[in-house]
Amino acid sequence: ITFAARRFGLRARLLMGAIGLACFVLIVGPEPSVMRAAAMGAIGLSALALGRRADPLFALGLALIVVLAVRPGMLYSAGLQLSAAATAGIVLWAHPLAATMPRVPGPIAVPLAVTVAAQLAVSPLLALTFGEISVAAPAANLLAVPVVPFATVIGLAAGVGAAILPAAGGPLATLAAPPAGWVLSVADAFGGAPWASVGAPRWAGWLLAAGVVVGAAATLRRTFIRADGVT
């Protein structure tokens with residue numbers, strides 16, 4: 001919403017962004033991943049108000065502190081853990097992974113890199129919490145990603161419209177139905193496949209966790225070295 005309102009003044013963009021975040025939480029519900037996303041969005045709006053750029057990892061860490069301060073019990077929420085890990089993985093590895101696929105078209109390389117980065121980051125949690133790792137997620141996400149923005153934005157507009165003017169909610173929901181239905185169909189097709197996931201013993205989860213930590217540390221080290229070189 002803030003991006004769409006970029007031609008307006010700063011106050012208008014901040015107001016529209018805040019309204020969008022509030023509607024998002026109210027309509028979707030205060031789920032752990034939603035709270036994490038909303039907190040990061042609020043931090044981004046605060047940085048915009050101050051004329052600064054919010055570093056994604058800093059915003060993620062601060063958002064988790066805020067969410068856990070409000071609801072400490074979420075520390076043990078698998079949803080929050082997976083959401084935080086996936087976000088960190090995307091921030092750390094999506095761009096480097098996309099850069100390793102120069103011959104792959106951007107519309108494919110970018111979402112593929114994002115889903116692989118997220119999957120790498122959450123794999124230890126999946127193994128330790130559920131005893132399995134998804135192998136279908138990259139393909140499923142690649143098929144679902146193109147329509148997710150439409151399903152999200154139009155669906156959110158339908159929810160807000162129905163709350164303000166019930167007659168407006170129906171047509172918007174009808175527009176949101178095809179993209180939302182496609183996402184659901186992809187989830188059903190890949191989630192129900194017998195090969196969609198493979199079993200992972202607990203020791204594999206700890207081994208994967210060690211690999212993720214080492215990989216994250218190496219990526220951060222390269223990032224800091226490049227930053228020092230530039231400055």
# chains A, B, ... in the order shown; residues from 1 in each chain; ligands from 1

$ closest_atom_pairs --of "stretch 62-167 of chain A" --to "stretch 172-176 of chain A" --cutoff "10 Å" --atoms "only C-alpha atoms" --output "tab-separated table"
residue	atom	partner	partner_atom	distance
A:Val147	CA	A:Ala176	CA	9.9
A:Phe150	CA	A:Ala176	CA	7.1
A:Ala151	CA	A:Ala176	CA	5.3
A:Thr152	CA	A:Ala176	CA	8.0
A:Val153	CA	A:Ala176	CA	8.4
A:Ile154	CA	A:Ala176	CA	5.4
A:Gly155	CA	A:Ala176	CA	5.4
A:Leu156	CA	A:Ala176	CA	9.1
A:Ala157	CA	A:Leu172	CA	7.0
A:Ala158	CA	A:Leu172	CA	4.9
A:Gly159	CA	A:Ala173	CA	8.0
A:Val160	CA	A:Leu172	CA	10.0
A:Gly161	CA	A:Leu172	CA	7.9
A:Ala162	CA	A:Leu172	CA	8.9
A:Ala167	CA	A:Leu172	CA	9.6

$ select_by_dssp --residues "stretch 5-206 of chain A" --states "helix (DSSP H, G or I)" --output "count of residues only"
163

$ atom_distance --atom1 "atom CA of A:Val28" --atom2 "atom CA of A:Leu14"
21.0 Å

$ residues_around --residues "A:Leu62" --least-positions-apart "6" --cutoff "9 Å" --atoms "only C-alpha atoms" --output "list of chain:residue names"
A:Ala39, A:Met40, A:Ile43

$ atom_distance --atom1 "atom CA of A:Cys23" --atom2 "atom CA of A:Gly41"
12.5 Å

$ atom_distance --atom1 "atom CA of A:Pro30" --atom2 "atom CA of A:Ala118"
22.1 Å

$ closest_residue --among "A:Ala200, A:Val148, A:Leu75, A:Ala168" --to "A:Ile133" --atoms "only C-alpha atoms"
A:Ala200

$ closest_residue --among "A:Arg11, A:Leu80, A:Pro178, A:Ala42" --to "A:Val25" --atoms "only C-alpha atoms"
A:Ala42

$ closest_residue --among "A:Pro72, A:Gln81, A:Pro111, A:Leu10" --to "A:Leu50" --atoms "only C-alpha atoms"
A:Leu10

$ select_by_dssp --residues "stretch 22-231 of chain A" --states "strand (DSSP E or B)" --output "VMD selection string"
chain A and resid 132 to 134 197 to 199

$ write_last_selection --atoms "N, CA and C atoms" --output "mmCIF file, in the first residue's frame"
data_model
loop_
_atom_site.group_PDB
_atom_site.id
_atom_site.type_symbol
_atom_site.label_atom_id
_atom_site.label_comp_id
_atom_site.auth_asym_id
_atom_site.auth_seq_id
_atom_site.Cartn_x
_atom_site.Cartn_y
_atom_site.Cartn_z
ATOM 1 N N GLU A 132 10.357 -34.377 9.642
ATOM 2 C CA GLU A 132 10.364 -34.508 8.182
ATOM 3 C C GLU A 132 10.777 -33.193 7.542
ATOM 4 N N ILE A 133 11.188 -33.277 6.278
ATOM 5 C CA ILE A 133 11.592 -32.106 5.511
ATOM 6 C C ILE A 133 10.849 -32.119 4.184
ATOM 7 N N SER A 134 10.307 -30.987 3.809
ATOM 8 C CA SER A 134 9.567 -30.901 2.558
ATOM 9 C C SER A 134 10.515 -30.845 1.374
ATOM 10 N N SER A 197 7.384 -34.973 1.139
ATOM 11 C CA SER A 197 8.326 -34.793 2.247
ATOM 12 C C SER A 197 9.056 -36.094 2.520
ATOM 13 N N VAL A 198 10.186 -35.964 3.155
ATOM 14 C CA VAL A 198 10.973 -37.141 3.529
ATOM 15 C C VAL A 198 11.217 -37.099 5.032
ATOM 16 N N GLY A 199 11.257 -38.276 5.636
ATOM 17 C CA GLY A 199 11.506 -38.347 7.064
ATOM 18 C C GLY A 199 12.915 -37.915 7.415
#

$ closest_residue --among "A:Leu184, A:Pro32, A:Leu165, A:Leu60" --to "A:Leu143" --atoms "only C-alpha atoms"
A:Leu184

$ residues_around --residues "A:Ala209" --least-positions-apart "6" --cutoff "10 Å" --atoms "only C-alpha atoms" --output "ChimeraX atom specification"
/A:120-125,127-128,203,215

$ write_last_selection --atoms "N, CA, C and O atoms" --output "short mmCIF file (atom, residue, chain, number, x, y, z; two decimals), in the first residue's frame"
data_model
loop_
_atom_site.label_atom_id
_atom_site.label_comp_id
_atom_site.auth_asym_id
_atom_site.auth_seq_id
_atom_site.Cartn_x
_atom_site.Cartn_y
_atom_site.Cartn_z
N LEU A 120 15.94 -23.76 3.06
CA LEU A 120 17.20 -24.10 3.73
C LEU A 120 17.18 -23.64 5.19
O LEU A 120 17.64 -24.37 6.08
N ALA A 121 16.65 -22.46 5.42
CA ALA A 121 16.65 -21.90 6.77
C ALA A 121 15.71 -22.63 7.71
O ALA A 121 16.00 -22.76 8.91
N VAL A 122 14.59 -23.11 7.21
CA VAL A 122 13.61 -23.76 8.09
C VAL A 122 13.82 -25.27 8.19
O VAL A 122 13.18 -25.92 9.04
N SER A 123 14.69 -25.83 7.38
CA SER A 123 14.86 -27.29 7.37
C SER A 123 15.24 -27.87 8.74
O SER A 123 14.72 -28.92 9.12
N PRO A 124 16.11 -27.21 9.53
CA PRO A 124 16.40 -27.77 10.86
C PRO A 124 15.17 -27.81 11.75
O PRO A 124 14.94 -28.79 12.47
N LEU A 125 14.36 -26.76 11.71
CA LEU A 125 13.15 -26.72 12.54
C LEU A 125 12.15 -27.78 12.10
O LEU A 125 11.49 -28.41 12.93
N ALA A 127 12.82 -30.62 10.70
CA ALA A 127 13.32 -31.93 11.12
C ALA A 127 13.16 -32.13 12.63
O ALA A 127 12.74 -33.20 13.08
N LEU A 128 13.49 -31.11 13.42
CA LEU A 128 13.44 -31.24 14.86
C LEU A 128 12.02 -31.22 15.41
O LEU A 128 11.72 -31.88 16.41
N TRP A 203 18.82 -36.33 14.85
CA TRP A 203 20.22 -35.96 14.69
C TRP A 203 20.44 -35.19 13.39
O TRP A 203 21.32 -34.32 13.30
N GLY A 215 26.55 -21.39 7.65
CA GLY A 215 26.26 -20.67 6.41
C GLY A 215 25.85 -19.23 6.66
O GLY A 215 26.27 -18.32 5.93
#
